[in-house]
$ cat upload.csv   # CSV, C-alpha atoms
chain,number,residue,atom,x,y,z
W,1,MET,CA,8.3,-14.1,17.3
W,2,ASP,CA,11.0,-11.4,17.5
W,3,THR,CA,11.4,-9.0,14.6
W,4,TYR,CA,15.0,-8.1,13.5
W,5,LEU,CA,16.1,-4.9,11.8
W,6,PRO,CA,19.3,-4.5,9.7
W,7,VAL,CA,22.1,-2.3,11.0
W,8,LYS,CA,24.5,-0.3,8.8
W,9,LYS,CA,28.0,-1.6,9.1
W,10,SER,CA,29.2,1.9,10.2
W,11,GLN,CA,26.7,1.9,13.0
W,12,ALA,CA,27.7,-1.6,14.3
W,13,PHE,CA,30.8,0.0,15.9
W,14,LEU,CA,28.8,2.7,17.7
W,15,VAL,CA,26.6,0.4,19.8
W,16,GLU,CA,27.8,-1.1,23.1
W,17,ASN,CA,24.6,-1.8,25.1
W,18,THR,CA,22.7,-3.2,22.1
W,19,PRO,CA,23.0,-6.9,21.2
W,20,LEU,CA,23.8,-7.6,17.6
W,21,PHE,CA,22.6,-10.7,15.7
W,22,ILE,CA,23.5,-12.5,12.4
W,23,LYS,CA,21.7,-15.1,10.3
W,24,ASN,CA,23.0,-18.7,10.4
W,25,ALA,CA,22.9,-21.2,7.6
W,26,LYS,CA,19.3,-22.2,8.6
W,27,ASN,CA,18.3,-18.5,8.2
W,28,GLU,CA,17.9,-18.2,12.0
W,29,PHE,CA,19.0,-15.2,14.0
W,30,VAL,CA,21.7,-15.9,16.5
W,31,LEU,CA,23.6,-13.7,18.9
W,32,TYR,CA,26.8,-12.2,17.4
W,33,LYS,CA,27.6,-9.6,20.1
W,34,SER,CA,26.0,-9.4,23.5
W,35,GLU,CA,25.4,-6.1,25.4
W,36,ASN,CA,28.2,-4.3,27.2
W,37,ILE,CA,30.6,-5.2,24.4
W,38,LYS,CA,31.8,-2.9,21.7
W,39,LEU,CA,33.2,-4.1,18.3
W,40,ASP,CA,36.8,-3.0,17.7
W,41,ARG,CA,36.8,-1.0,14.4
W,42,ASP,CA,40.5,-1.9,13.8
W,43,LEU,CA,39.7,-5.7,13.7
W,44,TYR,CA,37.2,-5.4,10.8
W,45,ASP,CA,36.9,-4.1,7.3
W,46,ASP,CA,33.9,-3.9,5.1
W,47,GLU,CA,34.4,-7.5,3.8
W,48,SER,CA,35.0,-9.2,7.1
W,49,LEU,CA,32.1,-7.7,9.0
W,50,PRO,CA,28.9,-9.8,8.4
W,51,GLU,CA,25.4,-8.5,7.9
W,52,LEU,CA,24.2,-7.5,11.3
W,53,PHE,CA,20.7,-7.0,12.9
W,54,ILE,CA,19.2,-5.7,16.1
W,55,CYS,CA,16.0,-6.9,17.7
W,56,GLN,CA,13.0,-4.6,17.1
W,57,GLU,CA,12.6,-4.1,20.9
W,58,ASP,CA,16.1,-2.8,21.2
W,59,LYS,CA,15.7,-0.1,18.5
W,60,GLU,CA,15.2,2.8,20.9
W,61,ILE,CA,18.3,1.9,22.9
W,62,ALA,CA,20.3,1.5,19.6
W,63,VAL,CA,19.1,4.9,18.3
W,64,ALA,CA,20.1,6.6,21.5
W,65,GLU,CA,23.5,4.9,21.5
W,66,ILE,CA,24.2,5.8,17.9
W,67,GLN,CA,23.2,9.5,18.4
W,68,GLU,CA,25.3,9.8,21.5
W,69,ALA,CA,28.4,8.2,19.8
W,70,LEU,CA,28.0,10.5,16.8
W,71,ASN,CA,27.9,13.5,19.1
W,72,ILE,CA,31.1,12.3,20.8
W,73,GLU,CA,32.7,11.9,17.4
W,74,LEU,CA,31.5,15.3,16.4
W,75,TYR,CA,33.1,16.8,19.5
W,76,HIS,CA,36.5,15.3,18.7
W,77,HIS,CA,36.4,16.6,15.1
W,78,ILE,CA,35.4,20.0,16.4
W,79,ARG,CA,38.4,20.0,18.8
W,80,SER,CA,40.7,19.0,16.0
W,81,LYS,CA,39.2,21.6,13.6
W,82,GLY,CA,38.5,19.0,11.0
W,83,LEU,CA,35.7,20.9,9.3
W,84,TYR,CA,35.0,18.4,6.5
W,85,ARG,CA,34.6,15.6,9.1
W,86,VAL,CA,32.5,17.8,11.3
W,87,LYS,CA,30.1,18.4,8.4
W,88,ALA,CA,30.1,14.7,7.5
W,89,VAL,CA,29.3,13.6,11.1
W,90,LEU,CA,26.7,16.4,11.4
W,91,ASN,CA,25.0,15.1,8.3
W,92,GLU,CA,25.0,11.6,9.7
W,93,ILE,CA,23.5,12.8,13.0
W,94,VAL,CA,20.7,14.6,11.2
W,95,LYS,CA,20.1,11.7,9.0
W,96,GLU,CA,19.7,9.3,11.9
W,97,ALA,CA,17.4,11.7,13.7
W,98,LEU,CA,15.2,12.1,10.7
W,99,LEU,CA,15.1,8.3,10.1
W,100,ASN,CA,13.9,7.6,13.7
W,101,PRO,CA,12.1,10.7,15.0
W,102,LEU,CA,9.7,8.8,17.2
W,103,GLU,CA,12.2,6.3,18.6
W,104,GLY,CA,14.3,8.8,20.4
W,105,GLY,CA,16.2,10.0,17.3
W,106,LEU,CA,15.6,13.7,18.2
W,107,ASP,CA,16.5,13.4,21.8
W,108,HIS,CA,20.3,14.1,21.4
W,109,LEU,CA,19.9,17.0,18.9
W,110,PRO,CA,20.0,19.6,21.7
W,111,GLU,CA,23.4,18.2,22.7
W,112,THR,CA,24.5,18.5,19.1
W,113,ILE,CA,23.5,22.2,19.0
W,114,GLU,CA,25.3,22.8,22.3
W,115,LEU,CA,28.6,21.3,20.8
W,116,LEU,CA,28.3,23.5,17.7
W,117,PHE,CA,27.2,26.6,19.6
W,118,ASP,CA,30.2,26.3,22.1
W,119,SER,CA,32.6,25.8,19.2
W,120,TYR,CA,31.7,29.1,17.7
W,121,PHE,CA,33.3,30.9,20.6
W,122,SER,CA,36.5,28.9,20.5
W,123,GLU,CA,36.9,29.2,16.7
W,124,SER,CA,35.3,32.4,15.4
W,125,HIS,CA,35.2,31.2,11.7
W,126,PHE,CA,33.9,27.8,12.6
W,127,LEU,CA,30.3,28.2,11.3
W,128,LYS,CA,31.4,30.1,8.2
W,129,GLY,CA,33.9,27.4,7.5
W,130,LEU,CA,31.1,24.8,7.6
W,131,ALA,CA,28.9,26.9,5.4
W,132,ASP,CA,31.7,27.2,2.8
W,133,ILE,CA,32.0,23.5,2.4
W,134,ALA,CA,28.3,22.7,2.2
W,135,SER,CA,27.8,20.0,-0.4
W,136,LYS,CA,25.7,20.6,-3.5
W,137,ASN,CA,24.3,17.0,-3.3
W,138,TYR,CA,20.7,17.1,-2.3
W,139,SER,CA,19.3,15.3,0.7
W,140,ILE,CA,16.9,16.3,3.4
W,141,ALA,CA,19.7,15.8,6.0
W,142,GLU,CA,22.2,17.8,4.0
W,143,HIS,CA,19.7,20.6,3.5
W,144,SER,CA,18.7,20.6,7.1
W,145,ALA,CA,22.3,20.8,8.3
W,146,ASN,CA,23.0,23.7,6.0
W,147,VAL,CA,20.0,25.7,7.1
W,148,MET,CA,20.9,25.1,10.7
W,149,ILE,CA,24.4,26.3,10.2
W,150,PHE,CA,23.2,29.5,8.6
W,151,ALA,CA,20.6,30.0,11.3
W,152,MET,CA,23.1,29.5,14.1
W,153,ASN,CA,25.4,32.0,12.5
W,154,TYR,CA,22.6,34.5,12.1
W,155,GLY,CA,21.5,34.1,15.7
W,156,ILE,CA,25.0,34.6,17.1
W,157,TYR,CA,25.9,37.5,14.7
W,158,THR,CA,22.7,39.4,15.4
W,159,GLY,CA,23.1,39.1,19.2
W,160,LEU,CA,20.1,36.9,20.0
W,161,SER,CA,20.2,35.6,23.6
W,162,GLU,CA,21.9,32.2,23.9
W,163,LYS,CA,18.6,30.5,24.6
W,164,ARG,CA,16.9,32.0,21.6
W,165,ALA,CA,19.9,31.3,19.3
W,166,LYS,CA,19.9,27.6,20.3
W,167,GLU,CA,16.1,27.4,19.9
W,168,LEU,CA,16.4,28.9,16.4
W,169,SER,CA,19.1,26.5,15.5
W,170,LEU,CA,17.1,23.5,16.6
W,171,SER,CA,14.0,24.8,14.8
W,172,ALA,CA,16.1,25.2,11.6
W,173,LEU,CA,17.6,21.8,12.0
W,174,LEU,CA,14.1,20.3,12.2
W,175,HIS,CA,12.3,22.5,9.8
W,176,ASP,CA,11.9,19.9,7.0
W,177,ILE,CA,11.4,16.8,9.3
W,178,GLY,CA,7.9,16.5,7.9
W,179,LYS,CA,9.4,15.5,4.5
W,180,THR,CA,10.3,12.1,6.0
W,181,GLN,CA,6.6,11.4,6.1
W,182,ILE,CA,5.8,12.1,2.5
W,183,PRO,CA,6.7,9.9,-0.6
W,184,ASP,CA,10.4,10.1,-1.7
W,185,GLU,CA,9.3,10.8,-5.3
W,186,VAL,CA,7.8,14.1,-4.0
W,187,SER,CA,10.3,15.0,-1.2
W,188,ALA,CA,13.4,14.4,-3.4
W,189,ALA,CA,11.9,15.3,-6.8
W,190,ASP,CA,14.3,16.6,-9.4
W,191,HIS,CA,11.5,18.0,-11.6
W,192,GLN,CA,8.9,20.7,-11.1
W,193,LEU,CA,6.1,19.3,-9.1
W,194,SER,CA,2.7,18.7,-10.5
W,195,GLU,CA,-0.3,20.2,-8.8
W,196,GLU,CA,-1.1,16.9,-7.1
W,197,GLU,CA,2.6,16.5,-6.0
W,198,PHE,CA,2.7,20.0,-4.7
W,199,SER,CA,-0.4,19.3,-2.6
W,200,GLN,CA,1.4,16.4,-1.0
W,201,HIS,CA,4.6,18.5,-0.6
W,202,LYS,CA,2.7,21.2,1.3
W,203,LYS,CA,1.7,18.6,4.0
W,204,HIS,CA,5.3,18.4,5.2
W,205,THR,CA,4.8,21.6,7.2
W,206,PHE,CA,1.9,20.2,9.3
W,207,LEU,CA,3.5,16.8,9.6
W,208,GLY,CA,6.8,18.3,10.8
W,209,TYR,CA,5.0,20.4,13.4
W,210,ASP,CA,3.1,17.4,14.7
W,211,LEU,CA,6.3,15.3,14.9
W,212,ILE,CA,8.2,17.9,16.9
W,213,ARG,CA,5.3,18.5,19.2
W,214,GLN,CA,5.3,14.8,20.1
W,215,SER,CA,8.7,15.2,21.8
W,216,GLU,CA,8.7,16.6,25.3
W,217,LYS,CA,12.1,18.2,24.6
W,218,PHE,CA,10.8,20.7,22.1
W,219,ASP,CA,8.4,23.5,22.7
W,220,GLU,CA,6.0,25.4,20.5
W,221,SER,CA,8.6,28.0,19.3
W,222,ILE,CA,10.8,25.3,17.8
W,223,ALA,CA,7.8,23.5,16.1
W,224,LEU,CA,6.7,26.8,14.5
W,225,GLY,CA,9.8,26.8,12.3
W,226,ALA,CA,8.6,23.6,10.7
W,227,LEU,CA,5.0,24.8,10.4
W,228,GLU,CA,5.6,28.4,9.1
W,229,HIS,CA,8.9,28.4,7.1
W,230,HIS,CA,6.9,28.6,3.8
W,231,GLU,CA,4.5,31.3,5.0
W,232,ARG,CA,5.1,34.8,3.6
W,233,LEU,CA,4.1,38.2,5.1
W,234,ASP,CA,2.0,39.1,2.1
W,235,GLY,CA,-0.2,36.0,2.7
W,236,SER,CA,1.1,34.2,-0.5
W,237,GLY,CA,2.7,31.3,1.4
W,238,TYR,CA,1.5,28.0,2.7
W,239,PRO,CA,0.1,25.9,4.3
W,240,MET,CA,-2.3,28.5,5.9
W,241,GLY,CA,-1.6,31.7,3.9
W,242,ILE,CA,-1.2,33.7,7.1
W,243,THR,CA,0.4,37.2,7.2
W,244,LYS,CA,1.5,37.1,10.9
W,245,VAL,CA,4.5,34.8,10.8
W,246,SER,CA,6.6,33.8,13.8
W,247,PHE,CA,10.2,35.0,13.9
W,248,ALA,CA,11.5,31.4,13.4
W,249,GLY,CA,9.2,31.0,10.4
W,250,GLN,CA,10.5,34.2,8.9
W,251,ILE,CA,14.2,33.8,9.2
W,252,ILE,CA,14.1,30.0,8.4
W,253,GLY,CA,12.0,30.9,5.4
W,254,ILE,CA,14.7,33.3,4.1
W,255,ILE,CA,17.5,30.8,4.8
W,256,ASP,CA,15.6,27.9,3.3
W,257,ASP,CA,15.0,29.9,0.1
W,258,PHE,CA,18.7,31.0,0.0
W,259,GLU,CA,20.0,27.5,0.5
W,260,TYR,CA,17.5,26.1,-2.0
W,261,LEU,CA,18.5,28.6,-4.7
W,262,SER,CA,22.3,28.5,-4.2
W,263,TYR,CA,23.2,25.0,-3.1
W,264,ARG,CA,20.8,22.7,-4.9
W,265,GLU,CA,21.0,22.1,-8.6
W,266,LYS,CA,17.8,20.9,-10.3
W,267,SER,CA,17.3,19.3,-13.8
W,268,TYR,CA,15.2,22.3,-14.7
W,269,ARG,CA,17.4,25.1,-13.3
W,270,LYS,CA,21.0,25.8,-12.3
W,271,ALA,CA,22.1,26.7,-8.8
W,272,LYS,CA,22.6,30.4,-8.4
W,273,LYS,CA,25.7,32.1,-7.0
W,274,PRO,CA,25.1,33.3,-3.4
W,275,PHE,CA,24.8,37.0,-4.4
W,276,ASP,CA,22.3,36.2,-7.1
W,277,ALA,CA,20.2,34.1,-4.7
W,278,MET,CA,20.2,37.0,-2.3
W,279,SER,CA,19.0,39.3,-5.1
W,280,VAL,CA,16.1,37.0,-5.9
W,281,ILE,CA,15.0,37.2,-2.2
W,282,LYS,CA,15.6,40.9,-2.1
W,283,ASN,CA,13.3,41.5,-5.1
W,284,GLU,CA,10.6,39.5,-3.5
W,285,LEU,CA,11.0,41.6,-0.3
W,286,LEU,CA,10.9,44.9,-2.1
W,287,HIS,CA,8.3,44.2,-4.8
W,288,ASP,CA,6.0,41.7,-3.1
W,289,GLY,CA,6.6,42.3,0.7
W,290,LYS,CA,7.1,38.5,1.3
W,291,PHE,CA,10.0,39.0,3.8
W,292,ASP,CA,10.9,41.3,6.7
W,293,LYS,CA,13.5,43.9,5.6
W,294,ASP,CA,15.4,44.0,8.9
W,295,ILE,CA,15.6,40.2,9.2
W,296,PHE,CA,16.8,40.0,5.6
W,297,ILE,CA,19.5,42.6,6.2
W,298,GLY,CA,20.6,40.8,9.4
W,299,PHE,CA,21.0,37.6,7.4
W,300,CYS,CA,22.9,39.3,4.6
W,301,ARG,CA,25.3,40.9,7.1
W,302,SER,CA,25.8,37.6,9.0
W,303,MET,CA,27.0,36.1,5.8
W,304,GLY,CA,29.6,38.8,5.3

$ encode --input "upload.csv" --output "structure tokens"
Amino acid sequence: MDTYLPVKKSQAFLVENTPLFIKNAKNEFVLYKSENIKLDRDLYDDESLPELFICQEDKEIAVAEIQEALNIELYHHIRSKGLYRVKAVLNEIVKEALLNPLEGGLDHLPETIELLFDSYFSESHFLKGLADIASKNYSIAEHSANVMIFAMNYGIYTGLSEKRAKELSLSALLHDIGKTQIPDEVSAADHQLSEEEFSQHKKHTFLGYDLIRQSEKFDESIALGALEHHERLDGSGYPMGITKVSFAGQIIGIIDDFEYLSYREKSYRKAKKPFDAMSVIKNELLHDGKFDKDIFIGFCRSMG
């Protein structure tokens, strides 16, 4: 017996090669839209569009279609310089990728990076504009998109090769993917984690590394950002407490801390202003030796 999965109404307009189904009065699934047909968004509103489903066996095709369609939408908004819509679509792309990492959800992320990377050279303030409108509402997708934007800006500003800048951007985008594999009450907690919760939280680094390595599109350097972004040069980090940390792990660690401190309000602390967040990281660099001085200075200058 076939298994059917619900589809968000916004996604129904993005799939063309994926059949869509509805439930009839007898609670049976019947075909609503066959393949090679695309629903016309202008003919529907939220009330008139019924609840739609896809067959489980079509999930991988649907995920690929949705990601590709979102990248096309992202391209059009980049061309029109609609930064708010670019950020919104980027968040949606990341959200879809994190929801379906093993069903092809990650496959179109390199194309997303290409689109954003190319846009930098046609609009010099593009990435800074995206960073300026970063939302303060917490979600793994929002946080991942923010960290990627800062990492891409750092890579281009500091003169990394195009290949390394793109790899760093992908690594930053995927650095927290392991959080999709731990309980929501831990990954999205608004309170200080208990010792047991923190033990669960630390697992997201290993889980993220393993998820990325399962895709043939991503090599070891990209996966290391997920594994090592909480490691520190003085050995005080986790999950392994190492002192030799990859470049991706170091810069993503700095950006991750900066974004966490300045963009995310928690019930037990207020978000800091960017300068104050930088000061916290600087103190940890100078007093504890947690971060590399040159990498930190490069990040500060890229934000100028």

$ residues_around --input "upload.csv" --residues "segment 198-202 of chain W" --least-positions-apart "3" --cutoff "12 Å" --atoms "all atoms listed in the file" --output "ChimeraX atom specification"
/W:176,178-189,191-195,205-208,226-231,237-241

$ atom_distance --input "upload.csv" --atom1 "atom CA of Leu173 of chain W" --atom2 "atom CA of Ser144 of chain W"
5.2 Å

$ closest_residue --input "upload.csv" --among "W:Leu106, W:Gly289, W:Ile177, W:Phe53" --to "Phe218 of chain W" --atoms "all atoms listed in the file"
W:Leu106

$ atom_distance --input "upload.csv" --atom1 "atom CA of Arg41 of chain W" --atom2 "atom CA of Val15 of chain W"
11.6 Å

$ atom_distance --input "upload.csv" --atom1 "atom CA of Met152 of chain W" --atom2 "atom CA of Ser169 of chain W"
5.2 Å

$ residues_around --input "upload.csv" --residues "segment 91-101 of chain W" --least-positions-apart "4" --cutoff "10 Å" --atoms "all atoms listed in the file" --output "PDB file with C-alpha atoms, in the frame of the given file"
ATOM      1  CA  LYS W  59      15.700  -0.100  18.500  1.00  0.00           C
ATOM      2  CA  GLU W  60      15.200   2.800  20.900  1.00  0.00           C
ATOM      3  CA  VAL W  63      19.100   4.900  18.300  1.00  0.00           C
ATOM      4  CA  ALA W  64      20.100   6.600  21.500  1.00  0.00           C
ATOM      5  CA  ILE W  66      24.200   5.800  17.900  1.00  0.00           C
ATOM      6  CA  GLN W  67      23.200   9.500  18.400  1.00  0.00           C
ATOM      7  CA  GLU W  68      25.300   9.800  21.500  1.00  0.00           C
ATOM      8  CA  ALA W  69      28.400   8.200  19.800  1.00  0.00           C
ATOM      9  CA  LEU W  70      28.000  10.500  16.800  1.00  0.00           C
ATOM     10  CA  ASN W  71      27.900  13.500  19.100  1.00  0.00           C
ATOM     11  CA  LEU W  74      31.500  15.300  16.400  1.00  0.00           C
ATOM     12  CA  ARG W  85      34.600  15.600   9.100  1.00  0.00           C
ATOM     13  CA  VAL W  86      32.500  17.800  11.300  1.00  0.00           C
ATOM     14  CA  LYS W  87      30.100  18.400   8.400  1.00  0.00           C
ATOM     15  CA  GLY W 105      16.200  10.000  17.300  1.00  0.00           C
ATOM     16  CA  LEU W 106      15.600  13.700  18.200  1.00  0.00           C
ATOM     17  CA  ASP W 107      16.500  13.400  21.800  1.00  0.00           C
ATOM     18  CA  HIS W 108      20.300  14.100  21.400  1.00  0.00           C
ATOM     19  CA  LEU W 109      19.900  17.000  18.900  1.00  0.00           C
ATOM     20  CA  THR W 112      24.500  18.500  19.100  1.00  0.00           C
ATOM     21  CA  SER W 139      19.300  15.300   0.700  1.00  0.00           C
ATOM     22  CA  ILE W 140      16.900  16.300   3.400  1.00  0.00           C
ATOM     23  CA  ALA W 141      19.700  15.800   6.000  1.00  0.00           C
ATOM     24  CA  GLU W 142      22.200  17.800   4.000  1.00  0.00           C
ATOM     25  CA  HIS W 143      19.700  20.600   3.500  1.00  0.00           C
ATOM     26  CA  SER W 144      18.700  20.600   7.100  1.00  0.00           C
ATOM     27  CA  ALA W 145      22.300  20.800   8.300  1.00  0.00           C
ATOM     28  CA  ASN W 146      23.000  23.700   6.000  1.00  0.00           C
ATOM     29  CA  LEU W 173      17.600  21.800  12.000  1.00  0.00           C
ATOM     30  CA  LEU W 174      14.100  20.300  12.200  1.00  0.00           C
ATOM     31  CA  ASP W 176      11.900  19.900   7.000  1.00  0.00           C
ATOM     32  CA  ILE W 177      11.400  16.800   9.300  1.00  0.00           C
ATOM     33  CA  GLY W 178       7.900  16.500   7.900  1.00  0.00           C
ATOM     34  CA  LYS W 179       9.400  15.500   4.500  1.00  0.00           C
ATOM     35  CA  THR W 180      10.300  12.100   6.000  1.00  0.00           C
ATOM     36  CA  GLN W 181       6.600  11.400   6.100  1.00  0.00           C
ATOM     37  CA  LEU W 211       6.300  15.300  14.900  1.00  0.00           C
ATOM     38  CA  ILE W 212       8.200  17.900  16.900  1.00  0.00           C
ATOM     39  CA  GLN W 214       5.300  14.800  20.100  1.00  0.00           C
ATOM     40  CA  SER W 215       8.700  15.200  21.800  1.00  0.00           C
TER      41      SER W 215
END

$ closest_residue --input "upload.csv" --among "W:Pro50, W:Gly225, W:Gly304, W:Pro6" --to "Ala172 of chain W" --atoms "all atoms listed in the file"
W:Gly225

$ closest_residue --input "upload.csv" --among "W:Ser246, W:Ser10, W:Ser161, W:Ser171" --to "Ile149 of chain W" --atoms "all atoms listed in the file"
W:Ser171

$ build_atoms --input "upload.csv" --residues "segment 138-168 of chain W" --atoms "N, CA and C atoms" --output "PDB file, in the frame of the given file"
ATOM      1  N   TYR W 138      21.907  16.951  -3.068  1.00  0.00           N
ATOM      2  CA  TYR W 138      20.700  17.100  -2.300  1.00  0.00           C
ATOM      3  C   TYR W 138      20.354  15.933  -1.427  1.00  0.00           C
ATOM      4  N   SER W 139      19.972  16.221  -0.211  1.00  0.00           N
ATOM      5  CA  SER W 139      19.300  15.300   0.700  1.00  0.00           C
ATOM      6  C   SER W 139      18.645  16.104   1.742  1.00  0.00           C
ATOM      7  N   ILE W 140      17.603  15.571   2.351  1.00  0.00           N
ATOM      8  CA  ILE W 140      16.900  16.300   3.400  1.00  0.00           C
ATOM      9  C   ILE W 140      17.886  16.589   4.556  1.00  0.00           C
ATOM     10  N   ALA W 141      18.713  15.589   4.895  1.00  0.00           N
ATOM     11  CA  ALA W 141      19.700  15.800   6.000  1.00  0.00           C
ATOM     12  C   ALA W 141      20.679  16.842   5.677  1.00  0.00           C
ATOM     13  N   GLU W 142      21.232  16.816   4.458  1.00  0.00           N
ATOM     14  CA  GLU W 142      22.200  17.800   4.000  1.00  0.00           C
ATOM     15  C   GLU W 142      21.607  19.211   4.081  1.00  0.00           C
ATOM     16  N   HIS W 143      20.431  19.342   3.513  1.00  0.00           N
ATOM     17  CA  HIS W 143      19.700  20.600   3.500  1.00  0.00           C
ATOM     18  C   HIS W 143      19.461  21.139   4.896  1.00  0.00           C
ATOM     19  N   SER W 144      18.988  20.249   5.768  1.00  0.00           N
ATOM     20  CA  SER W 144      18.700  20.600   7.100  1.00  0.00           C
ATOM     21  C   SER W 144      19.892  21.095   7.890  1.00  0.00           C
ATOM     22  N   ALA W 145      21.010  20.387   7.695  1.00  0.00           N
ATOM     23  CA  ALA W 145      22.300  20.800   8.300  1.00  0.00           C
ATOM     24  C   ALA W 145      22.724  22.142   7.852  1.00  0.00           C
ATOM     25  N   ASN W 146      22.616  22.378   6.539  1.00  0.00           N
ATOM     26  CA  ASN W 146      23.000  23.700   6.000  1.00  0.00           C
ATOM     27  C   ASN W 146      22.179  24.806   6.559  1.00  0.00           C
ATOM     28  N   VAL W 147      20.863  24.615   6.582  1.00  0.00           N
ATOM     29  CA  VAL W 147      20.000  25.700   7.100  1.00  0.00           C
ATOM     30  C   VAL W 147      20.252  25.932   8.563  1.00  0.00           C
ATOM     31  N   MET W 148      20.520  24.888   9.328  1.00  0.00           N
ATOM     32  CA  MET W 148      20.900  25.100  10.700  1.00  0.00           C
ATOM     33  C   MET W 148      22.138  25.878  10.905  1.00  0.00           C
ATOM     34  N   ILE W 149      23.150  25.589  10.097  1.00  0.00           N
ATOM     35  CA  ILE W 149      24.400  26.300  10.200  1.00  0.00           C
ATOM     36  C   ILE W 149      24.226  27.802   9.940  1.00  0.00           C
ATOM     37  N   PHE W 150      23.474  28.132   8.893  1.00  0.00           N
ATOM     38  CA  PHE W 150      23.200  29.500   8.600  1.00  0.00           C
ATOM     39  C   PHE W 150      22.383  30.203   9.682  1.00  0.00           C
ATOM     40  N   ALA W 151      21.408  29.459  10.223  1.00  0.00           N
ATOM     41  CA  ALA W 151      20.600  30.000  11.300  1.00  0.00           C
ATOM     42  C   ALA W 151      21.349  30.272  12.558  1.00  0.00           C
ATOM     43  N   MET W 152      22.230  29.336  12.911  1.00  0.00           N
ATOM     44  CA  MET W 152      23.100  29.500  14.100  1.00  0.00           C
ATOM     45  C   MET W 152      23.982  30.718  13.929  1.00  0.00           C
ATOM     46  N   ASN W 153      24.553  30.835  12.756  1.00  0.00           N
ATOM     47  CA  ASN W 153      25.400  32.000  12.500  1.00  0.00           C
ATOM     48  C   ASN W 153      24.657  33.283  12.564  1.00  0.00           C
ATOM     49  N   TYR W 154      23.447  33.304  12.034  1.00  0.00           N
ATOM     50  CA  TYR W 154      22.600  34.500  12.100  1.00  0.00           C
ATOM     51  C   TYR W 154      22.277  34.844  13.561  1.00  0.00           C
ATOM     52  N   GLY W 155      21.879  33.841  14.342  1.00  0.00           N
ATOM     53  CA  GLY W 155      21.500  34.100  15.700  1.00  0.00           C
ATOM     54  C   GLY W 155      22.621  34.673  16.546  1.00  0.00           C
ATOM     55  N   ILE W 156      23.829  34.143  16.360  1.00  0.00           N
ATOM     56  CA  ILE W 156      25.000  34.600  17.100  1.00  0.00           C
ATOM     57  C   ILE W 156      25.395  36.024  16.619  1.00  0.00           C
ATOM     58  N   TYR W 157      25.432  36.195  15.290  1.00  0.00           N
ATOM     59  CA  TYR W 157      25.900  37.500  14.700  1.00  0.00           C
ATOM     60  C   TYR W 157      24.948  38.620  15.115  1.00  0.00           C
ATOM     61  N   THR W 158      23.638  38.373  15.120  1.00  0.00           N
ATOM     62  CA  THR W 158      22.700  39.400  15.400  1.00  0.00           C
ATOM     63  C   THR W 158      22.439  39.645  16.896  1.00  0.00           C
ATOM     64  N   GLY W 159      23.136  38.891  17.736  1.00  0.00           N
ATOM     65  CA  GLY W 159      23.100  39.100  19.200  1.00  0.00           C
ATOM     66  C   GLY W 159      21.844  38.559  19.866  1.00  0.00           C
ATOM     67  N   LEU W 160      21.230  37.524  19.304  1.00  0.00           N
ATOM     68  CA  LEU W 160      20.100  36.900  20.000  1.00  0.00           C
ATOM     69  C   LEU W 160      20.663  36.310  21.330  1.00  0.00           C
ATOM     70  N   SER W 161      19.811  36.198  22.322  1.00  0.00           N
ATOM     71  CA  SER W 161      20.200  35.600  23.600  1.00  0.00           C
ATOM     72  C   SER W 161      20.658  34.124  23.267  1.00  0.00           C
ATOM     73  N   GLU W 162      21.481  33.561  24.128  1.00  0.00           N
ATOM     74  CA  GLU W 162      21.900  32.200  23.900  1.00  0.00           C
ATOM     75  C   GLU W 162      20.776  31.226  23.790  1.00  0.00           C
ATOM     76  N   LYS W 163      19.771  31.413  24.639  1.00  0.00           N
ATOM     77  CA  LYS W 163      18.600  30.500  24.600  1.00  0.00           C
ATOM     78  C   LYS W 163      17.870  30.623  23.284  1.00  0.00           C
ATOM     79  N   ARG W 164      17.633  31.855  22.820  1.00  0.00           N
ATOM     80  CA  ARG W 164      16.900  32.000  21.600  1.00  0.00           C
ATOM     81  C   ARG W 164      17.724  31.532  20.366  1.00  0.00           C
ATOM     82  N   ALA W 165      19.040  31.749  20.403  1.00  0.00           N
ATOM     83  CA  ALA W 165      19.900  31.300  19.300  1.00  0.00           C
ATOM     84  C   ALA W 165      19.876  29.776  19.198  1.00  0.00           C
ATOM     85  N   LYS W 166      19.897  29.114  20.345  1.00  0.00           N
ATOM     86  CA  LYS W 166      19.900  27.600  20.300  1.00  0.00           C
ATOM     87  C   LYS W 166      18.507  27.129  19.887  1.00  0.00           C
ATOM     88  N   GLU W 167      17.429  27.784  20.332  1.00  0.00           N
ATOM     89  CA  GLU W 167      16.100  27.400  19.900  1.00  0.00           C
ATOM     90  C   GLU W 167      15.925  27.574  18.400  1.00  0.00           C
ATOM     91  N   LEU W 168      16.426  28.692  17.880  1.00  0.00           N
ATOM     92  CA  LEU W 168      16.400  28.900  16.400  1.00  0.00           C
ATOM     93  C   LEU W 168      17.147  27.895  15.669  1.00  0.00           C
TER      94      LEU W 168
END
